[in-house]
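With JSON, C-alpha atoms and all ligand atoms inside, this is protein33.json:
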[["chain", "number", "residue", "atom", "x", "y", "z"],
["A", 7, "MET", "CA", 2.65, 22.86, 3.16],
["A", 8, "SER", "CA", -0.32, 24.52, 4.74],
["A", 9, "SER", "CA", -3.73, 23.71, 6.10],
["A", 10, "SER", "CA", -5.86, 25.39, 8.68],
["A", 11, "LEU", "CA", -7.61, 22.21, 9.74],
["A", 12, "GLU", "CA", -6.47, 18.68, 10.33],
["A", 13, "LEU", "CA", -8.41, 15.61, 9.20],
["A", 14, "PHE", "CA", -10.69, 14.41, 12.03],
["A", 15, "GLY", "CA", -9.10, 17.01, 14.31],
["A", 16, "CYS", "CA", -5.92, 14.92, 14.61],
["A", 17, "GLN", "CA", -2.57, 16.58, 15.41],
["A", 18, "SER", "CA", -0.72, 18.41, 12.71],
["A", 19, "GLY", "CA", 2.82, 17.41, 11.81],
["A", 20, "ASP", "CA", 4.72, 14.23, 11.01],
["A", 21, "GLN", "CA", 4.79, 12.49, 14.37],
["A", 22, "GLY", "CA", 2.00, 10.00, 13.57],
["A", 23, "ARG", "CA", 2.58, 6.54, 12.15],
["A", 24, "ILE", "CA", -0.12, 7.38, 9.61],
["A", 25, "LEU", "CA", 0.44, 10.68, 7.83],
["A", 26, "VAL", "CA", -2.47, 12.42, 6.14],
["A", 27, "CYS", "CA", -1.53, 14.55, 3.17],
["A", 28, "GLY", "CA", -3.71, 16.55, 0.83],
["A", 29, "LEU", "CA", -2.88, 16.65, -2.87],
["A", 30, "PRO", "CA", -5.07, 19.44, -4.25],
["A", 31, "PHE", "CA", -4.06, 18.82, -7.88],
["A", 32, "ASP", "CA", -6.54, 18.32, -10.71],
["A", 33, "TYR", "CA", -4.56, 18.84, -13.89],
["A", 34, "GLY", "CA", -4.50, 15.11, -14.59],
["A", 35, "SER", "CA", -6.73, 15.92, -17.57],
["A", 36, "SER", "CA", -8.79, 18.82, -18.81],
["A", 37, "ASP", "CA", -12.00, 17.26, -17.51],
["A", 38, "SER", "CA", -10.84, 16.24, -14.05],
["A", 39, "GLN", "CA", -11.00, 19.76, -12.69],
["A", 40, "GLY", "CA", -12.96, 20.35, -9.53],
["A", 41, "CYS", "CA", -11.15, 17.63, -7.56],
["A", 42, "ARG", "CA", -8.55, 20.06, -6.21],
["A", 43, "GLN", "CA", -11.09, 21.25, -3.63],
["A", 44, "ALA", "CA", -11.48, 17.83, -2.04],
["A", 45, "PRO", "CA", -8.73, 17.99, 0.61],
["A", 46, "TYR", "CA", -10.10, 21.31, 1.94],
["A", 47, "ILE", "CA", -13.73, 20.19, 1.92],
["A", 48, "LEU", "CA", -13.09, 16.79, 3.48],
["A", 49, "ARG", "CA", -10.92, 18.24, 6.23],
["A", 50, "SER", "CA", -13.45, 20.93, 6.96],
["A", 51, "LEU", "CA", -16.43, 18.52, 7.11],
["A", 52, "SER", "CA", -14.43, 16.10, 9.24],
["A", 53, "HIS", "CA", -14.96, 18.35, 12.27],
["A", 54, "TRP", "CA", -18.24, 16.40, 12.57],
["A", 55, "TYR", "CA", -16.10, 13.40, 13.47],
["A", 56, "ASN", "CA", -13.62, 15.07, 15.77],
["A", 57, "LEU", "CA", -10.97, 12.99, 17.49],
["A", 58, "SER", "CA", -9.32, 15.74, 19.47],
["A", 59, "GLU", "CA", -11.53, 15.11, 22.49],
["A", 60, "GLY", "CA", -11.17, 11.33, 22.55],
["A", 61, "PRO", "CA", -12.42, 8.45, 20.41],
["A", 62, "LEU", "CA", -15.53, 8.47, 18.27],
["A", 63, "TYR", "CA", -18.30, 6.11, 19.28],
["A", 64, "SER", "CA", -20.45, 4.17, 16.88],
["A", 65, "LEU", "CA", -24.09, 4.57, 17.88],
["A", 66, "ARG", "CA", -24.79, 1.24, 16.24],
["A", 67, "THR", "CA", -22.25, -0.85, 18.14],
["A", 68, "HIS", "CA", -21.35, 1.48, 21.04],
["A", 69, "GLN", "CA", -17.73, 0.67, 20.24],
["A", 70, "PRO", "CA", -15.03, 3.34, 20.21],
["A", 71, "ARG", "CA", -13.53, 3.96, 16.77],
["A", 72, "LEU", "CA", -10.04, 5.13, 15.87],
["A", 73, "GLU", "CA", -9.03, 4.63, 19.49],
["A", 74, "GLY", "CA", -5.29, 4.88, 20.02],
["A", 75, "VAL", "CA", -4.59, 5.30, 16.31],
["A", 76, "SER", "CA", -1.33, 7.13, 15.67],
["A", 77, "ILE", "CA", -2.19, 9.66, 12.99],
["A", 78, "SER", "CA", -1.17, 13.21, 12.17],
["A", 79, "ASP", "CA", -1.78, 15.58, 9.31],
["A", 80, "LEU", "CA", 1.02, 16.96, 7.12],
["A", 81, "GLY", "CA", -1.27, 19.46, 5.42],
["A", 82, "ASN", "CA", -1.36, 19.93, 1.66],
["A", 83, "PHE", "CA", 1.30, 19.73, -0.99],
["A", 84, "GLU", "CA", 0.05, 22.82, -2.77],
["A", 85, "TYR", "CA", 0.33, 23.05, -6.53],
["A", 86, "ASP", "CA", 1.88, 26.31, -7.57],
["A", 87, "ASN", "CA", 1.17, 27.41, -11.15],
["A", 88, "ASP", "CA", 4.74, 28.68, -11.46],
["A", 89, "ILE", "CA", 6.09, 25.16, -11.69],
["A", 90, "SER", "CA", 5.30, 22.58, -14.34],
["A", 91, "ARG", "CA", 2.85, 19.81, -13.61],
["A", 92, "SER", "CA", 5.55, 17.19, -14.06],
["A", 93, "GLN", "CA", 7.73, 19.07, -11.57],
["A", 94, "TYR", "CA", 4.90, 19.02, -9.04],
["A", 95, "LEU", "CA", 4.55, 15.26, -9.42],
["A", 96, "LYS", "CA", 8.33, 14.84, -9.01],
["A", 97, "ASP", "CA", 8.27, 16.99, -5.87],
["A", 98, "VAL", "CA", 5.41, 14.96, -4.39],
["A", 99, "GLU", "CA", 7.30, 11.74, -5.14],
["A", 100, "LYS", "CA", 10.45, 13.03, -3.47],
["A", 101, "GLU", "CA", 8.64, 14.32, -0.40],
["A", 102, "ILE", "CA", 6.62, 11.13, 0.05],
["A", 103, "SER", "CA", 9.71, 8.92, -0.40],
["A", 104, "ARG", "CA", 11.24, 10.62, 2.62],
["A", 105, "TYR", "CA", 8.30, 9.62, 4.80],
["A", 106, "ILE", "CA", 8.15, 6.09, 3.44],
["A", 107, "GLN", "CA", 11.84, 5.66, 4.24],
["A", 108, "ARG", "CA", 10.92, 6.55, 7.81],
["A", 109, "LYS", "CA", 8.33, 3.71, 7.73],
["A", 110, "LYS", "CA", 5.40, 6.10, 7.76],
["A", 111, "LYS", "CA", 2.13, 5.17, 6.12],
["A", 112, "ILE", "CA", 0.77, 7.81, 3.79],
["A", 113, "LEU", "CA", -2.97, 8.44, 3.59],
["A", 114, "SER", "CA", -3.40, 10.94, 0.82],
["A", 115, "ILE", "CA", -6.49, 12.78, -0.24],
["A", 116, "GLY", "CA", -6.61, 13.88, -3.89],
["A", 117, "GLY", "CA", -6.95, 15.52, -6.27],
["A", 118, "ASP", "CA", -7.54, 13.50, -9.39],
["A", 119, "HIS", "CA", -6.18, 10.00, -9.88],
["A", 120, "LEU", "CA", -2.89, 11.19, -11.37],
["A", 121, "VAL", "CA", -1.72, 12.04, -7.83],
["A", 122, "THR", "CA", -1.49, 8.31, -7.12],
["A", 123, "LEU", "CA", 1.37, 7.92, -9.62],
["A", 124, "PRO", "CA", 4.10, 9.72, -7.62],
["A", 125, "ILE", "CA", 3.03, 7.79, -4.51],
["A", 126, "LEU", "CA", 3.27, 4.43, -6.29],
["A", 127, "LYS", "CA", 6.68, 5.40, -7.65],
["A", 128, "ALA", "CA", 7.88, 6.47, -4.21],
["A", 129, "ILE", "CA", 6.76, 3.15, -2.74],
["A", 130, "ALA", "CA", 8.38, 1.21, -5.61],
["A", 131, "GLN", "CA", 11.74, 2.76, -4.74],
["A", 132, "THR", "CA", 11.57, 2.14, -1.03],
["A", 133, "HIS", "CA", 9.67, -1.11, -0.70],
["A", 134, "SER", "CA", 10.60, -4.46, -2.06],
["A", 135, "PRO", "CA", 7.59, -6.11, -3.70],
["A", 136, "TYR", "CA", 4.18, -4.58, -3.14],
["A", 137, "GLN", "CA", 0.74, -4.91, -4.66],
["A", 138, "VAL", "CA", -2.06, -2.46, -5.31],
["A", 139, "VAL", "CA", -5.76, -2.88, -4.72],
["A", 140, "GLN", "CA", -7.56, -0.33, -6.90],
["A", 141, "ILE", "CA", -11.22, 0.54, -6.53],
["A", 142, "ASP", "CA", -12.25, 2.23, -9.76],
["A", 143, "ALA", "CA", -14.81, 2.22, -12.58],
["A", 144, "HIS", "CA", -11.88, 2.43, -15.03],
["A", 145, "THR", "CA", -8.60, 0.58, -15.48],
["A", 146, "ASP", "CA", -6.63, 3.82, -15.89],
["A", 147, "TYR", "CA", -4.50, 1.78, -18.29],
["A", 148, "LYS", "CA", -3.92, 2.98, -21.85],
["A", 149, "THR", "CA", -1.56, 2.28, -24.71],
["A", 150, "LEU", "CA", 1.49, 4.53, -24.31],
["A", 151, "TYR", "CA", 3.02, 6.15, -27.38],
["A", 152, "LYS", "CA", 6.36, 7.87, -27.56],
["A", 153, "ASN", "CA", 5.26, 11.22, -26.20],
["A", 154, "THR", "CA", 2.30, 10.16, -24.07],
["A", 155, "GLN", "CA", 2.14, 12.19, -20.88],
["A", 156, "PRO", "CA", 0.72, 10.67, -17.70],
["A", 157, "THR", "CA", -2.91, 11.59, -16.99],
["A", 158, "ASN", "CA", -5.51, 10.51, -14.47],
["A", 159, "ALA", "CA", -6.80, 8.05, -17.08],
["A", 160, "ASN", "CA", -3.50, 6.31, -17.94],
["A", 161, "PHE", "CA", -1.34, 6.65, -14.83],
["A", 162, "MET", "CA", -1.49, 2.91, -14.17],
["A", 163, "SER", "CA", 0.37, 2.24, -17.44],
["A", 164, "PHE", "CA", 3.25, 4.26, -16.02],
["A", 165, "ALA", "CA", 3.02, 2.75, -12.53],
["A", 166, "CYS", "CA", 3.17, -0.78, -13.96],
["A", 167, "LYS", "CA", 6.66, -0.08, -15.32],
["A", 168, "GLU", "CA", 7.91, -0.24, -11.73],
["A", 169, "LYS", "CA", 9.43, -3.66, -11.08],
["A", 170, "ASN", "CA", 8.50, -3.76, -7.42],
["A", 171, "LEU", "CA", 4.83, -3.34, -8.22],
["A", 172, "LYS", "CA", 3.94, -7.00, -8.55],
["A", 173, "ARG", "CA", 0.19, -6.97, -8.99],
["A", 174, "VAL", "CA", -2.73, -4.59, -9.39],
["A", 175, "ILE", "CA", -6.12, -5.96, -8.37],
["A", 176, "GLN", "CA", -8.85, -3.76, -9.83],
["A", 177, "ILE", "CA", -12.31, -3.91, -8.31],
["A", 178, "GLY", "CA", -15.39, -2.17, -9.70],
["A", 179, "VAL", "CA", -14.16, -1.72, -13.29],
["A", 180, "ARG", "CA", -17.17, -1.39, -15.61],
["A", 181, "ALA", "CA", -16.80, 1.61, -17.96],
["A", 182, "PHE", "CA", -16.61, 1.42, -21.77],
["A", 183, "THR", "CA", -13.61, 2.41, -23.86],
["A", 184, "SER", "CA", -12.61, 2.87, -27.47],
["A", 185, "ASP", "CA", -8.98, 2.17, -26.62],
["A", 186, "MET", "CA", -8.54, -1.50, -25.69],
["A", 187, "PRO", "CA", -4.86, -1.90, -24.91],
["A", 188, "MET", "CA", -3.07, -5.16, -24.14],
["A", 189, "ILE", "CA", -3.32, -5.27, -20.38],
["A", 190, "PRO", "CA", -0.19, -6.66, -18.69],
["A", 191, "ARG", "CA", -0.58, -9.82, -16.68],
["A", 192, "LYS", "CA", 0.15, -8.04, -13.44],
["A", 193, "ILE", "CA", -3.24, -6.28, -13.72],
["A", 194, "VAL", "CA", -6.22, -8.45, -12.82],
["A", 195, "LYS", "CA", -9.91, -7.52, -12.76],
["A", 196, "PRO", "CA", -11.68, -10.22, -10.77],
["A", 197, "GLU", "CA", -15.31, -10.23, -9.71],
["A", 198, "LEU", "CA", -16.01, -8.89, -6.24],
["A", 199, "SER", "CA", -16.97, -12.42, -5.13],
["A", 200, "SER", "CA", -13.52, -13.85, -5.88],
["A", 201, "TRP", "CA", -11.06, -10.96, -5.76],
["A", 202, "THR", "CA", -9.33, -12.22, -2.62],
["A", 203, "ASP", "CA", -8.06, -15.26, -4.59],
["A", 204, "TYR", "CA", -5.74, -12.84, -6.37],
["A", 205, "ILE", "CA", -4.05, -11.33, -3.30],
["A", 206, "LEU", "CA", -0.34, -12.24, -3.33],
["A", 207, "LYS", "CA", 0.66, -13.79, -0.01],
["A", 208, "ASP", "CA", 3.01, -11.84, 2.26],
["A", 209, "VAL", "CA", 3.19, -8.89, -0.13],
["A", 210, "PRO", "CA", 2.23, -5.51, 1.37],
["A", 211, "ILE", "CA", -0.87, -3.85, -0.04],
["A", 212, "TYR", "CA", -1.40, -0.26, -1.14],
["A", 213, "LEU", "CA", -5.05, 0.72, -1.57],
["A", 214, "THR", "CA", -6.13, 3.37, -4.06],
["A", 215, "ILE", "CA", -9.75, 4.44, -4.13],
["A", 216, "ASP", "CA", -11.31, 6.34, -7.00],
["A", 217, "THR", "CA", -14.68, 7.69, -5.88],
["A", 218, "ASP", "CA", -16.22, 6.58, -9.20],
["A", 219, "GLY", "CA", -15.68, 2.95, -8.23],
["A", 220, "PHE", "CA", -18.87, 3.35, -6.19],
["A", 221, "ASP", "CA", -22.38, 3.54, -7.57],
["A", 222, "PRO", "CA", -23.06, 7.18, -8.52],
["A", 223, "LEU", "CA", -26.44, 6.84, -6.82],
["A", 224, "ILE", "CA", -24.58, 6.72, -3.50],
["A", 225, "ALA", "CA", -21.50, 8.72, -4.56],
["A", 226, "PRO", "CA", -22.66, 11.36, -7.06],
["A", 227, "GLY", "CA", -19.69, 13.71, -6.51],
["A", 228, "VAL", "CA", -17.55, 12.44, -9.39],
["A", 229, "ASN", "CA", -16.52, 13.61, -12.88],
["A", 230, "TYR", "CA", -17.11, 10.30, -14.63],
["A", 231, "PRO", "CA", -20.24, 8.60, -13.21],
["A", 232, "GLU", "CA", -20.68, 4.97, -14.28],
["A", 233, "ILE", "CA", -23.90, 3.22, -13.38],
["A", 234, "SER", "CA", -23.83, 0.29, -10.98],
["A", 235, "GLY", "CA", -20.78, 0.06, -8.87],
["A", 236, "LEU", "CA", -19.69, -0.81, -5.41],
["A", 237, "THR", "CA", -21.69, -0.11, -2.28],
["A", 238, "TRP", "CA", -20.32, 1.07, 1.05],
["A", 239, "ASP", "CA", -20.92, -2.43, 2.44],
["A", 240, "ASP", "CA", -18.80, -3.82, -0.40],
["A", 241, "PHE", "CA", -16.06, -1.40, 0.63],
["A", 242, "ASN", "CA", -16.15, -2.52, 4.23],
["A", 243, "GLY", "CA", -16.02, -6.14, 3.00],
["A", 244, "ILE", "CA", -12.89, -5.29, 0.99],
["A", 245, "LEU", "CA", -11.23, -3.80, 4.09],
["A", 246, "GLU", "CA", -12.19, -6.86, 6.16],
["A", 247, "ALA", "CA", -10.72, -9.14, 3.49],
["A", 248, "ILE", "CA", -7.46, -7.16, 3.49],
["A", 249, "LYS", "CA", -7.31, -7.53, 7.28],
["A", 250, "ASP", "CA", -8.05, -11.26, 7.03],
["A", 251, "SER", "CA", -5.34, -11.73, 4.39],
["A", 252, "GLY", "CA", -2.76, -10.85, 7.04],
["A", 253, "ASN", "CA", -0.94, -8.64, 4.52],
["A", 254, "GLU", "CA", 0.20, -5.30, 5.81],
["A", 255, "MET", "CA", -1.46, -2.21, 4.35],
["A", 256, "ILE", "CA", 1.33, 0.25, 3.63],
["A", 257, "GLY", "CA", -0.64, 3.25, 2.44],
["A", 258, "ALA", "CA", -3.84, 4.43, 0.83],
["A", 259, "ASP", "CA", -5.35, 7.27, -1.10],
["A", 260, "TRP", "CA", -8.83, 8.54, -1.88],
["A", 261, "VAL", "CA", -9.12, 10.50, -5.12],
["A", 262, "GLU", "CA", -11.53, 11.92, -7.70],
["A", 263, "TYR", "CA", -14.03, 13.52, -5.33],
["A", 264, "ASN", "CA", -15.56, 16.55, -7.02],
["A", 265, "ALA", "CA", -17.63, 18.62, -4.59],
["A", 266, "GLU", "CA", -19.18, 20.60, -7.46],
["A", 267, "LYS", "CA", -20.92, 17.42, -8.62],
["A", 268, "ASP", "CA", -22.03, 16.34, -5.15],
["A", 269, "TYR", "CA", -25.56, 16.75, -3.80],
["A", 270, "LYS", "CA", -26.27, 19.86, -1.75],
["A", 271, "ASN", "CA", -26.00, 17.95, 1.51],
["A", 272, "GLN", "CA", -22.51, 16.71, 0.47],
["A", 273, "VAL", "CA", -23.50, 13.08, 0.88],
["A", 274, "THR", "CA", -20.46, 11.85, -1.09],
["A", 275, "ALA", "CA", -18.06, 13.77, 1.14],
["A", 276, "HIS", "CA", -19.73, 12.50, 4.30],
["A", 277, "SER", "CA", -19.66, 8.96, 2.95],
["A", 278, "ILE", "CA", -15.95, 9.26, 2.17],
["A", 279, "LEU", "CA", -15.28, 10.50, 5.70],
["A", 280, "THR", "CA", -17.31, 7.74, 7.34],
["A", 281, "ASN", "CA", -15.48, 5.16, 5.26],
["A", 282, "LEU", "CA", -12.09, 6.66, 6.05],
["A", 283, "ILE", "CA", -12.69, 5.57, 9.66],
["A", 284, "PRO", "CA", -12.45, 1.79, 9.00],
["A", 285, "LEU", "CA", -9.77, 2.50, 6.37],
["A", 286, "ILE", "CA", -7.56, 4.26, 8.93],
["A", 287, "GLU", "CA", -8.15, 1.42, 11.39],
["A", 288, "CYS", "CA", -7.05, -1.04, 8.73],
["A", 289, "LEU", "CA", -3.93, 1.06, 7.98],
["A", 290, "SER", "CA", -2.98, 1.24, 11.64],
["A", 291, "ARG", "CA", -2.58, -2.55, 11.88],
["A", 292, "GLY", "CA", 0.87, -4.02, 11.40],
["B", 1, "MN", "MN", -9.28, 6.27, -11.61]]

Structure re-expressed in C-alpha cells:
Amino acid sequence: MSSSLELFGCQSGDQGRILVCGLPFDYGSSDSQGCRQAPYILRSLSHWYNLSEGPLYSLRTHQPRLEGVSISDLGNFEYDNDISRSQYLKDVEKEISRYIQRKKKILSIGGDHLVTLPILKAIAQTHSPYQVVQIDAHTDYKTLYKNTQPTNANFMSFACKEKNLKRVIQIGVRAFTSDMPMIPRKIVKPELSSWTDYILKDVPIYLTIDTDGFDPLIAPGVNYPEISGLTWDDFNGILEAIKDSGNEMIGADWVEYNAEKDYKNQVTAHSILTNLIPLIECLSRG
C-alpha cells in the first residue's frame, strides 16, 4: 500500500477507528475507466480541508467539524496488472476482512462501483445481519448467467447472494435499461420522501455512494450522467436520517468519480470532499 498524502491530512496507518482506503481500480467495465485516479485526486485536493492542525470550522455555523474523530489513512490497495482482476478483488476482500474483524470502519474511495463488492462480501462474513443504503442512478442489478463476471453494473446481483445482507435500499435510481431482471425482495427503491420507512431496525448500515446518484449539473465528473438526481442537501438529509434511525453505520464508500469528466475547477471533487465531512462524522458515531 502506498500514498504520499493522507485524506484531510489525517494520520497514516491503521490506528484510527475509521480507516480510509483508496481503491484505484477501474476495470469494472470497459467504459468505467478514468475512476482509478479518484483516490489520488481527492486526497490531494483535501489539503484544502486539512485536519492536521486542529479541527475545521464551518464559516456558516462557526462550529468545529470532525473534532476528535478517530481516523487514519491506510493508503491505496494498488492494482497491479500482473495479477488478474478477480485476484485483486479477492485480495481486497481478504485485507478488508482483517480490519473489520478488528472492529474498524472502512471508508473507501474508488475506483468504479465494482470495488464495493469485495467490501460487502468482507462485511457479510464478519457481521451478522447488515443492510446497505445505496445512492445511485442505477440498480447495478442484472440477470446473471452461468459465466457472468461481476462488473460495476451488476455487482449488486453478486452481493445479494450473501445471506447476511438483509436489505438494500436504493436511492436516486432513475436510469433506463433494456435488461429488466426480476429484482429480489431484499432490494427496495423507495422515493426519497419515504425511504426511511424501509430501514430495518437495529441492523447496522453500510452506505455506498455512486457519484452518478447526484444530478450531473452539480456532479458532472461521472461516466454515466443521468439527468435529475439527488442534491447535496438531499445527501445531508440522508445522513441525518441514518443518525436519527439509531442504527450504527459500519462503513461507507464513495465511487465512480471520474476527474476527466469533471469541470476545470474540479467542482465534483470538491463537493465529494465537503460531503465526506458529515459522512465521516456520521461514521464516527457508535
Ligand atoms: Mn453504481

Write out as a ChimeraX atom specification which residues come within 9 Å of segment 149-155 of chain A when counting all atoms listed in the file, dropping same-chain ones fewer than 6 positions away. /A:161,163-164,185-189

Would you mind telling me which residue in A:Asp268, A:Met255, A:Met162, A:Ile141 lies nearest to Leu236 of chain A when using only C-alpha atoms?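 Counting only C-alpha atoms, the residue closest to Leu236 of chain A is A:Ile141.
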
Excluding Val139 of chain A and any residue of its chain fewer than 4 positions from it, enumerate the residues within 9 Å of it, using all atoms listed in the file, and give them as a short mmCIF file (atom, residue, chain, number, x, y, z; two decimals) with C-alpha atoms, in the frame of the given file.
data_model
loop_
_atom_site.label_atom_id
_atom_site.label_comp_id
_atom_site.auth_asym_id
_atom_site.auth_seq_id
_atom_site.Cartn_x
_atom_site.Cartn_y
_atom_site.Cartn_z
CA ARG A 173 0.19 -6.97 -8.99
CA VAL A 174 -2.73 -4.59 -9.39
CA ILE A 175 -6.12 -5.96 -8.37
CA GLN A 176 -8.85 -3.76 -9.83
CA ILE A 177 -12.31 -3.91 -8.31
CA ILE A 205 -4.05 -11.33 -3.30
CA ILE A 211 -0.87 -3.85 -0.04
CA TYR A 212 -1.40 -0.26 -1.14
CA LEU A 213 -5.05 0.72 -1.57
CA THR A 214 -6.13 3.37 -4.06
CA ILE A 215 -9.75 4.44 -4.13
#

Could you give me, as a list in words, every polymer residue with an atom at most 7 Å away from an atom of ligand MN 1 (chain B), counting only C-alpha atoms and all ligand atoms? His119, Asp142, Ala143, His144, Thr145, Asp146, Asn158, Ala159 and Asp216 of chain A

Output file for the residues above (C-alpha atoms, as a compact mmCIF listing (two decimals), keeping the file's coordinate frame):
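What ended up in again_21.txt:
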# COMPACT_ATOMS: atom_id res chain seq x y z
CA HIS A 119 -6.18 10.00 -9.88
CA ASP A 142 -12.25 2.23 -9.76
CA ALA A 143 -14.81 2.22 -12.58
CA HIS A 144 -11.88 2.43 -15.03
CA THR A 145 -8.60 0.58 -15.48
CA ASP A 146 -6.63 3.82 -15.89
CA ASN A 158 -5.51 10.51 -14.47
CA ALA A 159 -6.80 8.05 -17.08
CA ASP A 216 -11.31 6.34 -7.00

If we count all atoms listed in the file and set the cut-off at 8 Å, which residues sit around segment 80-90 of chain A, ignoring sequence neighbours fewer than 3 positions away in its own chain? Please answer as a VMD selection string. chain A and resid 7 to 9 12 18 to 20 25 to 31 45 93 to 94 98

Write a file of the selected residues as a JSON list (two decimals), in the frame of the given file, keeping C-alpha atoms.
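Once written, out36.json looks like this:
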[["chain", "number", "residue", "atom", "x", "y", "z"],
["A", 7, "MET", "CA", 2.65, 22.86, 3.16],
["A", 8, "SER", "CA", -0.32, 24.52, 4.74],
["A", 9, "SER", "CA", -3.73, 23.71, 6.10],
["A", 12, "GLU", "CA", -6.47, 18.68, 10.33],
["A", 18, "SER", "CA", -0.72, 18.41, 12.71],
["A", 19, "GLY", "CA", 2.82, 17.41, 11.81],
["A", 20, "ASP", "CA", 4.72, 14.23, 11.01],
["A", 25, "LEU", "CA", 0.44, 10.68, 7.83],
["A", 26, "VAL", "CA", -2.47, 12.42, 6.14],
["A", 27, "CYS", "CA", -1.53, 14.55, 3.17],
["A", 28, "GLY", "CA", -3.71, 16.55, 0.83],
["A", 29, "LEU", "CA", -2.88, 16.65, -2.87],
["A", 30, "PRO", "CA", -5.07, 19.44, -4.25],
["A", 31, "PHE", "CA", -4.06, 18.82, -7.88],
["A", 45, "PRO", "CA", -8.73, 17.99, 0.61],
["A", 93, "GLN", "CA", 7.73, 19.07, -11.57],
["A", 94, "TYR", "CA", 4.90, 19.02, -9.04],
["A", 98, "VAL", "CA", 5.41, 14.96, -4.39]]

Any idea what's packed within 8 Å of Phe14 of chain A, counting all atoms listed in the file, ignoring anything in its chain fewer than 4 positions away? Could you give it as a PyMOL selection string? chain A and resi 49+52-58

Would you mind reading off the distance between atom CA of Asn253 of chain A and atom CA of Ile283 of chain A, one decimal, in Å?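 It comes out at 19.1 Å.
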
Please list as a PyMOL selection string every residue within 10 Å of Val273 of chain A, counting only C-alpha atoms and excluding residues in the same chain fewer than 4 positions away. chain A and resi 224-227+265+268-269+277-279

Take the residues just selected and output them with C-alpha atoms as a PDB file, in the coordinates of the input.
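Now in result.pdb:
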ATOM      1  CA  ILE A 224     -24.580   6.720  -3.500  1.00  0.00           C
ATOM      2  CA  ALA A 225     -21.500   8.720  -4.560  1.00  0.00           C
ATOM      3  CA  PRO A 226     -22.660  11.360  -7.060  1.00  0.00           C
ATOM      4  CA  GLY A 227     -19.690  13.710  -6.510  1.00  0.00           C
ATOM      5  CA  ALA A 265     -17.630  18.620  -4.590  1.00  0.00           C
ATOM      6  CA  ASP A 268     -22.030  16.340  -5.150  1.00  0.00           C
ATOM      7  CA  TYR A 269     -25.560  16.750  -3.800  1.00  0.00           C
ATOM      8  CA  SER A 277     -19.660   8.960   2.950  1.00  0.00           C
ATOM      9  CA  ILE A 278     -15.950   9.260   2.170  1.00  0.00           C
ATOM     10  CA  LEU A 279     -15.280  10.500   5.700  1.00  0.00           C
TER      11      LEU A 279
END

Between A:Asn271, A:Ser234, A:Asn160, A:Thr67, which residue has the minimum interatomic distance to Asp118 of chain A, considering all atoms listed in the file?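 Of the candidates, the smallest distance to Asp118 of chain A is held by A:Asn160.
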
Would you list the residues near (-8.2, 14.0, -20.2) (no more than 10 Å away, in the coordinates of the file, using only C-alpha atoms) as a PyMOL selection string? chain A and resi 33-39+156-160

For Gln131 of chain A, the nearest of the candidates A:Gln107, A:Thr217, A:Ser114, A:Asn229, counting only C-alpha atoms: A:Gln107

So how far away is atom CA of Tyr136 of chain A from atom CA of Asn170 of chain A, in Å?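 Distance reported for this atom pair: 6.1 Å.
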
re atom CA of Ile112 of chain A and atom CA of Gly257 of chain A: distance 5.0 Å

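Each of A:Gly40, A:Glu168, A:Cys288, A:Leu65 was checked against Ser134 of chain A using all atoms listed in the file; the smallest atom-to-atom distance is that of A:Glu168.
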
Hey, which of A:Thr183, A:Ser199, A:Asn242, A:Thr274 ends up closest to Pro222 of chain A? Count all atoms listed in the file.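 For Pro222 of chain A, the nearest of the given residues is A:Thr274.
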
Ranking A:Thr132, A:Asn264, A:Ser78, A:Ser92 by minimum distance to Arg23 of chain A and counting all atoms listed in the file, which one comes first?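 Going through A:Thr132, A:Asn264, A:Ser78, A:Ser92 one by one, the smallest distance to Arg23 of chain A is for A:Ser78.
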
Kindly provide, as a PyMOL selection string, the polymer residues lying within 8 Å of (-22.4, 3.4, 3.5), counting all atoms listed in the file and using the coordinates exactly as they appear in the file. chain A and resi 237-239+277+280-281

Would you export the selected residues with C-alpha atoms as a tab-separated table (two decimals), keeping the file's coordinate frame, please?
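Below you can see selection.tsv, which holds the result:
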chain	number	residue	atom	x	y	z
A	237	THR	CA	-21.69	-0.11	-2.28
A	238	TRP	CA	-20.32	1.07	1.05
A	239	ASP	CA	-20.92	-2.43	2.44
A	277	SER	CA	-19.66	8.96	2.95
A	280	THR	CA	-17.31	7.74	7.34
A	281	ASN	CA	-15.48	5.16	5.26
